[in-house]
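Trainee: Sharing model_14.cif here; it has mmCIF, C-alpha atoms.
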```
data_work
loop_
_atom_site.group_PDB
_atom_site.id
_atom_site.type_symbol
_atom_site.label_atom_id
_atom_site.label_comp_id
_atom_site.auth_asym_id
_atom_site.auth_seq_id
_atom_site.Cartn_x
_atom_site.Cartn_y
_atom_site.Cartn_z
ATOM 1 C CA MET A 1 11.996 17.405 10.645
ATOM 2 C CA THR A 2 10.348 16.647 14.008
ATOM 3 C CA GLU A 3 10.412 12.993 14.927
ATOM 4 C CA HIS A 4 7.122 11.228 15.506
ATOM 5 C CA PRO A 5 6.703 10.822 19.297
ATOM 6 C CA GLU A 6 6.072 7.102 18.930
ATOM 7 C CA ASP A 7 9.260 6.701 16.899
ATOM 8 C CA VAL A 8 11.162 8.254 19.815
ATOM 9 C CA ARG A 9 9.454 5.810 22.180
ATOM 10 C CA LEU A 10 10.287 2.869 19.956
ATOM 11 C CA ALA A 11 13.922 3.933 19.603
ATOM 12 C CA ALA A 12 14.295 4.082 23.365
ATOM 13 C CA ALA A 13 12.621 0.735 23.995
ATOM 14 C CA GLY A 14 14.067 -2.728 23.574
ATOM 15 C CA PRO A 15 12.098 -5.402 21.711
ATOM 16 C CA ARG A 16 10.773 -6.884 24.942
ATOM 17 C CA ASP A 17 9.819 -3.463 26.344
ATOM 18 C CA VAL A 18 7.535 -2.409 23.509
ATOM 19 C CA THR A 19 3.824 -2.567 24.228
ATOM 20 C CA LEU A 20 0.971 -2.391 21.747
ATOM 21 C CA TYR A 21 -1.865 0.017 22.336
ATOM 22 C CA ALA A 22 -4.549 1.824 20.402
ATOM 23 C CA ARG A 23 -5.189 5.543 20.355
ATOM 24 C CA PRO A 24 -8.215 7.469 18.995
ATOM 25 C CA GLY A 25 -8.347 7.352 15.222
ATOM 26 C CA CYS A 26 -5.743 4.618 14.859
ATOM 27 C CA HIS A 27 -6.241 0.887 14.421
ATOM 28 C CA LEU A 28 -4.203 -1.421 16.621
ATOM 29 C CA CYS A 29 -3.100 -3.421 13.600
ATOM 30 C CA GLU A 30 -1.484 -0.307 12.098
ATOM 31 C CA GLU A 31 0.291 0.470 15.353
ATOM 32 C CA ALA A 32 1.473 -3.126 15.496
ATOM 33 C CA LYS A 33 3.131 -2.661 12.103
ATOM 34 C CA ALA A 34 4.969 0.405 13.362
ATOM 35 C CA VAL A 35 6.100 -1.466 16.461
ATOM 36 C CA ILE A 36 7.198 -4.622 14.715
ATOM 37 C CA ALA A 37 8.985 -3.029 11.742
ATOM 38 C CA PRO A 38 12.169 -1.934 13.565
ATOM 39 C CA VAL A 39 12.252 -5.133 15.635
ATOM 40 C CA LEU A 40 12.204 -7.309 12.529
ATOM 41 C CA ARG A 41 14.921 -5.192 10.953
ATOM 42 C CA GLU A 42 17.109 -5.810 14.004
ATOM 43 C CA PHE A 43 16.852 -9.548 13.385
ATOM 44 C CA GLY A 44 17.368 -9.285 9.623
ATOM 45 C CA ILE A 45 13.785 -10.276 8.793
ATOM 46 C CA VAL A 46 12.092 -8.603 5.809
ATOM 47 C CA PRO A 47 8.385 -8.121 6.599
ATOM 48 C CA GLU A 48 5.608 -7.663 4.060
ATOM 49 C CA PHE A 49 2.909 -5.214 5.123
ATOM 50 C CA SER A 50 -0.409 -4.890 3.285
ATOM 51 C CA PHE A 51 -2.330 -1.609 3.354
ATOM 52 C CA VAL A 52 -5.911 -1.026 2.226
ATOM 53 C CA PHE A 53 -6.545 2.428 0.771
ATOM 54 C CA GLY A 54 -9.808 4.266 0.142
ATOM 55 C CA ASN A 55 -12.019 4.166 3.228
ATOM 56 C CA PRO A 56 -15.483 5.011 1.814
ATOM 57 C CA ALA A 57 -16.135 7.483 4.638
ATOM 58 C CA ASP A 58 -13.216 9.704 3.588
ATOM 59 C CA PRO A 59 -11.173 8.304 0.700
ATOM 60 C CA GLU A 60 -9.075 11.450 0.268
ATOM 61 C CA GLY A 61 -8.163 11.723 3.946
ATOM 62 C CA ASP A 62 -7.625 7.989 4.304
ATOM 63 C CA THR A 63 -5.275 7.954 1.308
ATOM 64 C CA ARG A 64 -3.296 10.892 2.654
ATOM 65 C CA ASP A 65 -2.969 9.355 6.132
ATOM 66 C CA THR A 66 -2.054 5.906 4.794
ATOM 67 C CA ILE A 67 0.687 7.343 2.582
ATOM 68 C CA GLN A 68 2.108 9.191 5.577
ATOM 69 C CA PHE A 69 1.982 6.024 7.663
ATOM 70 C CA ILE A 70 3.757 3.967 5.005
ATOM 71 C CA ARG A 71 6.472 6.614 4.803
ATOM 72 C CA ARG A 72 6.835 6.276 8.570
ATOM 73 C CA ILE A 73 7.140 2.486 8.254
ATOM 74 C CA LYS A 74 9.786 2.898 5.551
ATOM 75 C CA LYS A 75 11.729 5.227 7.829
ATOM 76 C CA LEU A 76 11.658 2.636 10.616
ATOM 77 C CA ASN A 77 12.502 -0.251 8.294
ATOM 78 C CA PRO A 78 13.413 0.638 4.675
ATOM 79 C CA ASP A 79 13.542 -3.062 3.762
ATOM 80 C CA ALA A 80 9.860 -3.627 4.598
ATOM 81 C CA GLU A 81 7.868 -4.767 1.567
ATOM 82 C CA ILE A 82 4.699 -2.751 0.963
ATOM 83 C CA ILE A 83 1.562 -4.154 -0.654
ATOM 84 C CA VAL A 84 -1.016 -1.561 -1.741
ATOM 85 C CA GLN A 85 -4.682 -2.568 -2.032
ATOM 86 C CA HIS A 86 -7.865 -0.661 -2.836
ATOM 87 C CA TYR A 87 -10.766 -1.230 -0.468
ATOM 88 C CA ILE A 88 -13.134 -3.600 -2.264
ATOM 89 C CA PRO A 89 -16.426 -4.437 -0.512
ATOM 90 C CA THR A 90 -17.824 -7.940 -0.556
ATOM 91 C CA PRO A 91 -21.504 -8.873 -0.142
ATOM 92 C CA HIS A 92 -22.361 -9.739 3.454
ATOM 93 C CA PRO A 93 -25.730 -10.378 5.132
ATOM 94 C CA ASP A 94 -24.777 -8.098 8.041
ATOM 95 C CA GLY A 95 -23.826 -5.236 5.749
ATOM 96 C CA MET A 96 -20.604 -4.095 4.169
ATOM 97 C CA TYR A 97 -17.870 -2.012 5.782
ATOM 98 C CA GLY A 98 -18.206 1.697 5.085
ATOM 99 C CA ASP A 99 -21.997 1.737 4.774
ATOM 100 C CA VAL A 100 -21.782 1.302 1.015
ATOM 101 C CA GLU A 101 -25.096 -0.510 0.610
ATOM 102 C CA GLY A 102 -27.035 1.136 -2.175
ATOM 103 C CA LYS A 103 -23.866 2.586 -3.685
ATOM 104 C CA ILE A 104 -22.913 -0.560 -5.543
ATOM 105 C CA GLU A 105 -24.981 -3.343 -7.087
ATOM 106 C CA PHE A 106 -23.334 -6.727 -7.380
ATOM 107 C CA PRO A 107 -23.896 -9.194 -10.235
ATOM 108 C CA ARG A 108 -26.625 -11.784 -9.844
ATOM 109 C CA THR A 109 -25.330 -14.426 -12.229
ATOM 110 C CA PRO A 110 -22.022 -16.262 -12.755
ATOM 111 C CA GLU A 111 -21.902 -14.826 -16.264
ATOM 112 C CA GLU A 112 -21.962 -11.270 -14.889
ATOM 113 C CA TRP A 113 -19.204 -12.075 -12.398
ATOM 114 C CA ALA A 114 -17.106 -13.437 -15.277
ATOM 115 C CA SER A 115 -17.415 -10.218 -17.274
ATOM 116 C CA GLU A 116 -14.389 -7.940 -17.695
ATOM 117 C CA ARG A 117 -15.911 -5.225 -15.501
ATOM 118 C CA TRP A 118 -16.397 -7.539 -12.513
ATOM 119 C CA TYR A 119 -13.183 -9.444 -13.082
ATOM 120 C CA ASN A 120 -11.313 -6.138 -12.761
ATOM 121 C CA PHE A 121 -13.345 -5.421 -9.628
ATOM 122 C CA THR A 122 -12.449 -8.772 -8.076
ATOM 123 C CA VAL A 123 -8.707 -8.479 -8.741
ATOM 124 C CA ARG A 124 -8.709 -4.804 -7.665
ATOM 125 C CA HIS A 125 -7.321 -3.709 -11.024
ATOM 126 C CA ASP A 126 -9.919 -1.136 -12.044
ATOM 127 C CA PRO A 127 -12.821 -1.511 -9.614
ATOM 128 C CA HIS A 128 -14.807 1.647 -10.577
ATOM 129 C CA LEU A 129 -15.914 2.420 -7.031
ATOM 130 C CA PRO A 130 -18.490 5.233 -6.847
ATOM 131 C CA TRP A 131 -17.049 6.663 -3.616
ATOM 132 C CA LEU A 132 -13.431 6.683 -4.869
ATOM 133 C CA PRO A 133 -12.710 9.735 -7.062
ATOM 134 C CA GLN A 134 -10.560 8.995 -10.095
ATOM 135 C CA ALA A 135 -7.955 11.516 -8.920
ATOM 136 C CA VAL A 136 -7.611 9.661 -5.599
ATOM 137 C CA LYS A 137 -7.352 6.289 -7.337
ATOM 138 C CA GLU A 138 -4.575 7.658 -9.542
ATOM 139 C CA GLN A 139 -2.803 9.030 -6.453
ATOM 140 C CA ILE A 140 -2.912 5.574 -4.851
ATOM 141 C CA ASP A 141 -1.691 3.823 -7.999
ATOM 142 C CA ASN A 142 1.072 6.375 -8.597
ATOM 143 C CA PHE A 143 2.266 6.135 -4.994
ATOM 144 C CA GLU A 144 2.412 2.350 -5.329
ATOM 145 C CA LEU A 145 4.467 2.715 -8.502
ATOM 146 C CA VAL A 146 6.941 5.083 -6.835
ATOM 147 C CA VAL A 147 7.352 2.920 -3.715
ATOM 148 C CA ASN A 148 7.780 -0.270 -5.730
ATOM 149 C CA SER A 149 10.421 1.437 -7.861
ATOM 150 C CA ARG A 150 12.256 3.019 -4.937
ATOM 151 C CA TRP A 151 12.429 -0.396 -3.244
ATOM 152 C CA PRO A 152 12.013 -3.119 -5.897
ATOM 153 C CA THR A 153 10.719 -6.309 -4.307
ATOM 154 C CA ILE A 154 13.359 -8.777 -3.152
ATOM 155 C CA GLN A 155 10.990 -11.499 -4.362
ATOM 156 C CA ASP A 156 12.069 -10.719 -7.922
ATOM 157 C CA ILE A 157 15.191 -12.862 -7.931
ATOM 158 C CA HIS A 158 15.535 -12.508 -11.707
ATOM 159 C CA LEU A 159 15.720 -8.702 -11.662
ATOM 160 C CA PRO A 160 19.256 -7.786 -12.826
ATOM 161 C CA GLY A 161 21.351 -5.454 -10.715
ATOM 162 C CA TRP A 162 21.318 -2.741 -13.371
ATOM 163 C CA GLY A 163 17.516 -2.867 -13.477
ATOM 164 C CA ARG A 164 17.216 -2.581 -9.703
ATOM 165 C CA ASN A 165 19.650 0.354 -9.665
ATOM 166 C CA MET A 166 17.809 2.065 -12.522
ATOM 167 C CA LEU A 167 14.456 1.860 -10.735
ATOM 168 C CA ARG A 168 15.951 3.148 -7.498
ATOM 169 C CA SER A 169 17.689 6.054 -9.230
ATOM 170 C CA LEU A 170 14.652 7.137 -11.254
ATOM 171 C CA SER A 171 12.338 7.082 -8.238
ATOM 172 C CA LEU A 172 14.717 8.542 -5.650
ATOM 173 C CA TRP A 173 13.773 12.198 -6.166
ATOM 174 C CA ARG A 174 10.063 11.422 -6.410
ATOM 175 C CA TYR A 175 9.910 9.623 -3.089
ATOM 176 C CA ALA A 176 12.162 12.158 -1.363
ATOM 177 C CA LEU A 177 9.987 15.085 -2.464
ATOM 178 C CA GLY A 178 6.651 13.285 -2.304
ATOM 179 C CA VAL A 179 5.998 13.801 -6.023
ATOM 180 C CA TYR A 180 3.821 10.971 -7.316
ATOM 181 C CA LYS A 181 1.990 12.486 -10.304
ATOM 182 C CA PHE A 182 2.679 11.398 -13.875
ATOM 183 C CA PRO A 183 5.366 8.749 -13.171
ATOM 184 C CA PHE A 184 5.641 7.847 -16.849
ATOM 185 C CA GLU A 185 9.360 7.109 -16.629
ATOM 186 C CA LEU A 186 8.734 4.573 -13.872
ATOM 187 C CA GLN A 187 5.992 2.867 -15.855
ATOM 188 C CA TRP A 188 8.391 2.556 -18.768
ATOM 189 C CA ALA A 189 11.234 1.331 -16.554
ATOM 190 C CA GLN A 190 9.120 -1.326 -14.819
ATOM 191 C CA ARG A 191 7.918 -2.636 -18.170
ATOM 192 C CA LEU A 192 11.495 -2.682 -19.431
ATOM 193 C CA VAL A 193 12.717 -4.918 -16.613
ATOM 194 C CA SER A 194 9.423 -6.849 -16.233
ATOM 195 C CA LEU A 195 9.336 -6.173 -12.490
ATOM 196 C CA ARG A 196 7.393 -8.747 -10.494
ATOM 197 C CA LYS A 197 4.297 -7.464 -8.702
ATOM 198 C CA PRO A 198 3.578 -9.561 -5.577
ATOM 199 C CA ARG A 199 0.172 -7.907 -5.116
ATOM 200 C CA LEU A 200 -1.097 -9.190 -8.453
ATOM 201 C CA GLU A 201 0.491 -12.597 -7.998
ATOM 202 C CA SER A 202 -1.251 -13.085 -4.657
ATOM 203 C CA LEU A 203 -4.766 -12.554 -6.032
#
```
For this file, produce the structure as structure tokens.
Mentor:
Amino acid sequence: MTEHPEDVRLAAAGPRDVTLYARPGCHLCEEAKAVIAPVLREFGIVPEFSFVFGNPADPEGDTRDTIQFIRRIKKLNPDAEIIVQHYIPTPHPDGMYGDVEGKIEFPRTPEEWASERWYNFTVRHDPHLPWLPQAVKEQIDNFELVVNSRWPTIQDIHLPGWGRNMLRSLSLWRYALGVYKFPFELQWAQRLVSLRKPRLESL
């Protein structure tokens, strides 16, 4: 497999020699994650990186590119904790990111916001976004399940060793081959060990 040119640059540079820059089609914050991941690993620091999936302009392409980028981060620093989020717009007088005005109508009363549909929207559980195809949402959720099983969070201090090893073993082939569909065995395994989910706990 051909190494990413920036990975070669990072490998050849010391921590103080690395510079941050942006290139067309790539946000500086994403590049910063790629730069900082191996540096933190060198110092024994476990970073937590949050990624937002489902750009309304191209949810399929954005999901594909973000998965590839996370795999690159994991190659640079396997210990890095990954938090997966769906893009959820919020009302703003200057307009919402992704030009989604007219595609979604927000509640007008506190009672509507408190309903199950909008609660799920707020906590990013099942947001029902009109620009996010169900197949893409399932791909995002399944990828999150595989990654969280391949590298169970170190924040779960109560997870027994056998449970951590079971999750890693069951997900090893899926992550290696990039097979994320129908991860029923991982759903069962995570329920069995009651794996902590930092993303949900942070909402």
Trainee: Taking the file as shown, what set of residues would the PyMOL selection byres ((chain A and resi 84) around 12) give back, as a ChimeraX atom specification?
Mentor: /A:48-54,63,66-67,70,81-83,85-87,124-125,137,139-148,197-200,202
Trainee: Write out, as a PDB file, in the frame of the given file, the residues just selected, with C-alpha atoms.
Mentor:
```
ATOM      1  CA  GLU A  48       5.608  -7.663   4.060  1.00  0.00           C
ATOM      2  CA  PHE A  49       2.909  -5.214   5.123  1.00  0.00           C
ATOM      3  CA  SER A  50      -0.409  -4.890   3.285  1.00  0.00           C
ATOM      4  CA  PHE A  51      -2.330  -1.609   3.354  1.00  0.00           C
ATOM      5  CA  VAL A  52      -5.911  -1.026   2.226  1.00  0.00           C
ATOM      6  CA  PHE A  53      -6.545   2.428   0.771  1.00  0.00           C
ATOM      7  CA  GLY A  54      -9.808   4.266   0.142  1.00  0.00           C
ATOM      8  CA  THR A  63      -5.275   7.954   1.308  1.00  0.00           C
ATOM      9  CA  THR A  66      -2.054   5.906   4.794  1.00  0.00           C
ATOM     10  CA  ILE A  67       0.687   7.343   2.582  1.00  0.00           C
ATOM     11  CA  ILE A  70       3.757   3.967   5.005  1.00  0.00           C
ATOM     12  CA  GLU A  81       7.868  -4.767   1.567  1.00  0.00           C
ATOM     13  CA  ILE A  82       4.699  -2.751   0.963  1.00  0.00           C
ATOM     14  CA  ILE A  83       1.562  -4.154  -0.654  1.00  0.00           C
ATOM     15  CA  GLN A  85      -4.682  -2.568  -2.032  1.00  0.00           C
ATOM     16  CA  HIS A  86      -7.865  -0.661  -2.836  1.00  0.00           C
ATOM     17  CA  TYR A  87     -10.766  -1.230  -0.468  1.00  0.00           C
ATOM     18  CA  ARG A 124      -8.709  -4.804  -7.665  1.00  0.00           C
ATOM     19  CA  HIS A 125      -7.321  -3.709 -11.024  1.00  0.00           C
ATOM     20  CA  LYS A 137      -7.352   6.289  -7.337  1.00  0.00           C
ATOM     21  CA  GLN A 139      -2.803   9.030  -6.453  1.00  0.00           C
ATOM     22  CA  ILE A 140      -2.912   5.574  -4.851  1.00  0.00           C
ATOM     23  CA  ASP A 141      -1.691   3.823  -7.999  1.00  0.00           C
ATOM     24  CA  ASN A 142       1.072   6.375  -8.597  1.00  0.00           C
ATOM     25  CA  PHE A 143       2.266   6.135  -4.994  1.00  0.00           C
ATOM     26  CA  GLU A 144       2.412   2.350  -5.329  1.00  0.00           C
ATOM     27  CA  LEU A 145       4.467   2.715  -8.502  1.00  0.00           C
ATOM     28  CA  VAL A 146       6.941   5.083  -6.835  1.00  0.00           C
ATOM     29  CA  VAL A 147       7.352   2.920  -3.715  1.00  0.00           C
ATOM     30  CA  ASN A 148       7.780  -0.270  -5.730  1.00  0.00           C
ATOM     31  CA  LYS A 197       4.297  -7.464  -8.702  1.00  0.00           C
ATOM     32  CA  PRO A 198       3.578  -9.561  -5.577  1.00  0.00           C
ATOM     33  CA  ARG A 199       0.172  -7.907  -5.116  1.00  0.00           C
ATOM     34  CA  LEU A 200      -1.097  -9.190  -8.453  1.00  0.00           C
ATOM     35  CA  SER A 202      -1.251 -13.085  -4.657  1.00  0.00           C
TER      36      SER A 202
END
```
Trainee: Could you jot down the atom CA of A:Ile104 to atom CA of A:Pro127 separation for me, Å, one decimal place?
Mentor: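 Taking atom CA of A:Ile104 as the start and atom CA of A:Pro127 as the end point, the length is 10.9 Å.
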Trainee: To one decimal place, how far is atom CA of A:Glu60 from atom CA of A:Gly102 in Å?
Mentor: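 Going from atom CA of A:Glu60 over to atom CA of A:Gly102 covers 20.9 Å.
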Trainee: Between A:Asn55, A:Ser115, A:Ser171, A:Asn120, which has the minimum distance to A:Pro152 (counting only C-alpha atoms)?
Mentor: A:Ser171
Trainee: For a test of reading the model, state the distance in Å between atom CA of A:Trp131 and atom CA of A:Pro56, rounded to one decimal.
Mentor: 5.9 Å
Trainee: Using only C-alpha atoms, can you tell me which of A:Val46, A:Leu177, A:Val123, A:Val193 comes closest to A:Gly161?
Mentor: A:Val193
Trainee: Kindly indicate which residue among A:Ile154, A:Leu132, A:Pro160, A:Ala34 lies nearest to A:Arg71, using all atoms listed in the file for the distances.
Mentor: A:Ala34
Trainee: May I ask which of the residues A:Ala57, A:Ala80, A:Ile157, A:Leu192 is the closest one to A:Val39, counting all atoms listed in the file?
Mentor: A:Ala80
Trainee: Give, as lines of an AutoDock Vina configuration file, the centre coordinates and the x, y and z edge lengths in Å to one decimal for an axis-aligned box around all listed atoms of stretch 180-183 of chain A, padded by 4 Å on each side.
Mentor:
```
center_x = 3.7
center_y = 10.6
center_z = -10.6
size_x = 11.4
size_y = 11.7
size_z = 14.6
```
